[in-house]
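To start, the structure under review is shown below, and the notes come after it.
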Amino acid sequence: MDENIFSLSLLAGKLFTIMASDLIGLFLDAIKVDALSLRERPMADFVRRTLAGLPVDVREDNTAPLFNGECGNLVCVPFSFNPTRPAIALLAHLDTPRSTADVRPVLSDVRIESDGTTALGVDNRAGTSILLHALREHLMAGVSGNFIVVFTVAEELGPFGSKYIDLSPYSVKSCFVFDCSKRPGTYIQAAVGCAMYNATFIGTSSHAGVAPEKGVNAIRIAAVAISRIPIGRLSSTMTSNVGMIVGGTATNVVPDRCTLQGEVRAFDAPSINTHLEMLRLAFGDVAAEHHGCVEFTTSLDFAPFVLDPASDVVKLTEDVLQSVGLAPHPIKYLGGSDANMLNAKGIPSVNLGIGAQNPHGNDEFILLEDLKKSAEIAHELFKRSATLT
């Protein structure tokens with residue numbers, strides 16, 4: 001058998017093959033498209049070119065102005081889609097967190113990586129390539145199914161695209177997100193939520209050389225405040241971080257303002273809220289001790305979710321994984337994704353491992369085996385969508 005053929009299955013009575021060379025070629029083309037968050041138009045154009053001439057309607061929603069983006073979410077609707085019947089949605093995101101403009105991929109017999117000078121763009125060019133390839137093959141084969149494929153935007157920042165997308169016109173019963181860095185077989189059964197906070201410490205400015213005694217140094221207050229709070233992995237279910245600090249105007253001025261920006265992650269909202277309240281009180285006490293004050297604000301980045309092992313979406317996930325020869329491995333995950341936003345909307349959603357390893361670094365890579373197996377998972381989900389009730 002041709003070594004490029006890695007999957008052979010019977011779909012709707014037709015012999016269906018997936019060519020490894022086609023999938024790899026699509027991925028190598030996709031990573032060359034530079035499309036950062038809020039600047040996804042080049043990747044949206046790539047999607048349209050890839051699907052040109054096929055029986056699918058590629059619809060762009062009108063969400064871009066809501067987050068100052070140049071492109072909305074793309075919803076790919078096959079001509080055969082029936083909106084009155086239950087459907088599933090398969091998702092990946094169009095943006096990358098780092099530029100891939102100068103990427104130089106290195107292809108071996110087992111994996112694809114960059115030459116080490118740039119990111120490869122596996123997050124989430126792997127997911128987009130897998131879904132584009134699977135969708136293209138199914139459309140060309142004319143097999144049955146009731147599904148849509150969605151390419152979201154600004155996932156790395158919010159996720160904003162999935163926050164504002166409206167899937168209600170499509171009778172979507174469950175969603176499958178192709179965006180987890182774990183290897184195929186693993187899926188996220190529970191994920192943390194994340195809240196952001198801003199703490200602006202306010203002191204009193206004065207001349208640092210002539211009258212430092214008259215000043216109240218806001219940067220010093222912030223430094224003391226940071227020393228009073230726990231940072232890092234607080235437990236197996238919670239993390240907290242101070243990620244940015246900005247303050248001061250000149251070296252000869254006692255700074256009267258300093259702002260900290262941080263986040264708190266946990267698997268349940270009450271734990272997040274309790275920790276934020278602790279931070280607010282701790283920062284207020286430190287500010288008062290140093291004759292200053294603090295302005296403290298919070299916002300929810302994304303909500304946590306926990307999927308019931310007995311739920312339909314988990315049952316379908318595990319059945320599909322087993323059908324392609326994988327042992328299902330549910331995990332709890334400390335990162336967020338489009339699945340968080342979709343679950344918050346009431347649409348049961350699973351984030352599937354696709355093997356996009358070491359995301360966001362120059363050592364990103366994906367195993368050819370994982371790229372291929374993820375495509376098999378997508379094909380199987382398409383097939384199962386024809387039997388949804």
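A note on labels: chains of the structure tokens are A, B, ... as shown, every chain counts residues from 1, and ligands are counted from 1 in their shown order.
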
ask   = Near A:Leu139, within 8 Å and counting only C-alpha atoms, which residues show up once chain neighbours fewer than 3 positions away are dropped, as number ranges by chain?
value = A: 54-56, 78, 135-136, 142-143

Write to file, as a PDB file, in the first residue's frame, the residues of the selection just made, with C-alpha atoms.
ATOM      1  CA  LEU A  54     -16.705  23.247  -3.515  1.00  0.00           C
ATOM      2  CA  PRO A  55     -20.339  22.901  -2.372  1.00  0.00           C
ATOM      3  CA  VAL A  56     -19.952  24.982   0.791  1.00  0.00           C
ATOM      4  CA  PRO A  78     -22.089  22.621   3.351  1.00  0.00           C
ATOM      5  CA  LEU A 135     -13.909  19.355   5.028  1.00  0.00           C
ATOM      6  CA  ARG A 136     -12.479  19.497   1.535  1.00  0.00           C
ATOM      7  CA  GLY A 142     -20.186  13.936  -1.399  1.00  0.00           C
ATOM      8  CA  VAL A 143     -20.657  11.951   1.810  1.00  0.00           C
TER       9      VAL A 143
END

Per-residue nearest contacts of stretch 339-361 of chain A to stretch 300-306 of chain A (9 Å; only C-alpha atoms) as CSV:
residue,atom,partner,partner_atom,distance
A:Ala339,CA,A:Phe305,CA,8.6
A:Asn340,CA,A:Ala303,CA,6.0
A:Met341,CA,A:Phe302,CA,6.4
A:Asn343,CA,A:Phe305,CA,6.7
A:Ala344,CA,A:Ala303,CA,6.5

Take the residues from that selection and write them out as a tab-separated table (two decimals), in the first residue's frame, keeping N, CA and C atoms.
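Saved result, out25.tsv, follows:
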chain	number	residue	atom	x	y	z
A	339	ALA	N	-13.48	26.46	23.71
A	339	ALA	CA	-14.41	25.57	24.41
A	339	ALA	C	-14.97	26.22	25.67
A	340	ASN	N	-14.17	27.04	26.35
A	340	ASN	CA	-14.67	27.73	27.54
A	340	ASN	C	-15.85	28.64	27.20
A	341	MET	N	-15.68	29.42	26.13
A	341	MET	CA	-16.73	30.36	25.74
A	341	MET	C	-17.99	29.62	25.27
A	343	ASN	N	-19.00	26.52	26.05
A	343	ASN	CA	-19.68	25.92	27.19
A	343	ASN	C	-20.43	26.96	27.99
A	344	ALA	N	-19.86	28.15	28.12
A	344	ALA	CA	-20.54	29.23	28.85
A	344	ALA	C	-21.83	29.64	28.13

request  = List the neighbours of A:Ala356 out to 9 Å using only C-alpha atoms; skip same-chain residues closer than 2 positions along the sequence, and give me the result as a ChimeraX atom specification.
outcome  = /A:121-127,179-183,353-354,358-359,364-367,370-371

Deliver the residues from the most recent selection as a file, using N, CA and C atoms, as a compact mmCIF listing (two decimals), in the first residue's frame.
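Output below, filename selection.txt:
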# COMPACT_ATOMS: atom_id res chain seq x y z
N GLY A 121 3.94 28.01 14.31
CA GLY A 121 2.54 28.34 14.07
C GLY A 121 1.58 27.18 14.25
N VAL A 122 2.02 26.13 14.97
CA VAL A 122 1.13 24.99 15.17
C VAL A 122 -0.16 25.38 15.89
N ASP A 123 -0.09 26.41 16.70
CA ASP A 123 -1.26 26.92 17.42
C ASP A 123 -1.78 28.16 16.68
N ASN A 124 -2.73 28.05 15.76
CA ASN A 124 -3.50 26.85 15.56
C ASN A 124 -3.58 26.51 14.07
N ARG A 125 -2.45 26.66 13.37
CA ARG A 125 -2.43 26.25 11.98
C ARG A 125 -2.64 24.75 11.83
N ALA A 126 -2.28 23.99 12.86
CA ALA A 126 -2.54 22.56 12.81
C ALA A 126 -4.04 22.30 12.79
N GLY A 127 -4.78 22.92 13.69
CA GLY A 127 -6.22 22.73 13.73
C GLY A 127 -6.91 23.20 12.46
N ASP A 179 -7.75 22.19 19.21
CA ASP A 179 -6.81 23.24 19.64
C ASP A 179 -6.02 22.86 20.89
N CYS A 180 -6.02 21.61 21.31
CA CYS A 180 -5.29 21.23 22.51
C CYS A 180 -3.91 20.70 22.13
N SER A 181 -2.90 21.12 22.87
CA SER A 181 -1.53 20.73 22.55
C SER A 181 -1.21 19.29 22.92
N LYS A 182 -2.08 18.65 23.69
CA LYS A 182 -1.86 17.25 24.04
C LYS A 182 -2.04 16.37 22.80
N ARG A 183 -1.53 15.16 22.87
CA ARG A 183 -1.60 14.28 21.72
C ARG A 183 -3.01 13.71 21.52
N GLY A 353 -7.19 16.96 21.88
CA GLY A 353 -5.75 16.96 21.66
C GLY A 353 -5.43 16.71 20.20
N ILE A 354 -4.59 17.58 19.61
CA ILE A 354 -4.16 17.38 18.22
C ILE A 354 -2.64 17.30 18.10
N ASN A 358 4.49 22.20 22.44
CA ASN A 358 5.30 23.36 22.81
C ASN A 358 4.78 24.65 22.18
N PRO A 359 3.46 24.90 22.26
CA PRO A 359 2.89 26.06 21.58
C PRO A 359 3.48 27.38 22.07
N GLU A 364 8.24 24.79 18.82
CA GLU A 364 6.97 24.16 18.45
C GLU A 364 7.20 23.04 17.44
N PHE A 365 6.38 22.00 17.54
CA PHE A 365 6.44 20.95 16.53
C PHE A 365 5.15 20.15 16.56
N ILE A 366 4.93 19.36 15.52
CA ILE A 366 3.83 18.42 15.50
C ILE A 366 4.31 17.14 14.83
N LEU A 367 3.97 16.01 15.42
CA LEU A 367 4.31 14.72 14.84
C LEU A 367 3.39 14.45 13.66
N ASP A 370 0.44 12.47 14.59
CA ASP A 370 -0.65 13.17 15.28
C ASP A 370 -1.47 14.02 14.32
N LEU A 371 -0.80 14.62 13.34
CA LEU A 371 -1.52 15.38 12.34
C LEU A 371 -2.50 14.47 11.59

request  = From a DSSP pass on the backbone, collect the residues of stretch 197-374 of chain A flagged as strand (DSSP E or B) and hand them back as an MDAnalysis selection string.
outcome  = chainID A and resid 197:202 204 206:207 216 232:235 238:247 253:254 257:266 293:302 305:306 329:333 349:353 357 365:367

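The interatomic distance for the pair atom CA of A:Gly355 and atom CA of A:Ser374 works out to 8.3 Å.
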
query = What residues in stretch 35-65 of chain A get the DSSP label helix (DSSP H, G or I)? Please answer as an NGL selection string.
reply = :A and (41-51 or 64-65)

key: Minimum-distance residue to A:Arg280, chosen among A:Ala225, A:Cys258, A:Ala327, A:Leu66 (using only C-alpha atoms)   =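 Nearest to A:Arg280: A:Ala225.
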
inquiry  = Using only C-alpha atoms, which protein or nucleic acid residues come within 9 Å of A:Arg85? Drop anything in the same chain fewer than 5 positions from it, and give the result as a count of residues only.
reply    = 6

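Checking A:Cys71, A:Ala375, A:Val77, A:Val313 one by one against A:Gln189, counting only C-alpha atoms, you find the shortest gap at A:Val313.
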
request  = Measuring atom to atom with only C-alpha atoms, identify which of A:Val324, A:Ile226, A:Ile112, A:Leu316 is nearest to A:Met244.
outcome  = A:Ile226

inquiry  = Let me make sure I understand: among A:Ala222, A:Val149, A:Leu368, A:Ala119, which one has the smallest atom-to-atom distance to A:His290 if we use only C-alpha atoms?
reply    = A:Ala222

task = Could you give me, as a ChimeraX atom specification, the residues within 12 Å of A:Asp45, counting only C-alpha atoms and dropping anything in the same chain fewer than 6 positions from it?
result = /A:30,33-35,39,51-52,58-60,71-72,74,94,151

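Considering the residues A:Asp102, A:Ala199, A:Asp338, A:Glu277 and counting only C-alpha atoms, A:Val242 has its shortest atom-to-atom contact with A:Ala199.
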
Please produce, as JSON lines, a per-residue contact table for stretch 236-354 of chain A versus stretch 210-216 of chain A (criterion: any atom at most 10 Å away, only C-alpha atoms considered), showing the nearest atom pair and its distance in Å to one decimal, sorted by chain then residue number.
{"residue": "A:Asn252", "atom": "CA", "partner": "A:Val210", "partner_atom": "CA", "distance": 9.2}
{"residue": "A:Val253", "atom": "CA", "partner": "A:Pro212", "partner_atom": "CA", "distance": 8.4}
{"residue": "A:Val254", "atom": "CA", "partner": "A:Gly215", "partner_atom": "CA", "distance": 5.8}
{"residue": "A:Pro255", "atom": "CA", "partner": "A:Val216", "partner_atom": "CA", "distance": 7.5}
{"residue": "A:Asp256", "atom": "CA", "partner": "A:Val216", "partner_atom": "CA", "distance": 6.7}
{"residue": "A:Arg257", "atom": "CA", "partner": "A:Val216", "partner_atom": "CA", "distance": 9.5}
{"residue": "A:His290", "atom": "CA", "partner": "A:Val216", "partner_atom": "CA", "distance": 7.3}
{"residue": "A:His291", "atom": "CA", "partner": "A:Val216", "partner_atom": "CA", "distance": 7.1}
{"residue": "A:Gly292", "atom": "CA", "partner": "A:Val216", "partner_atom": "CA", "distance": 7.0}
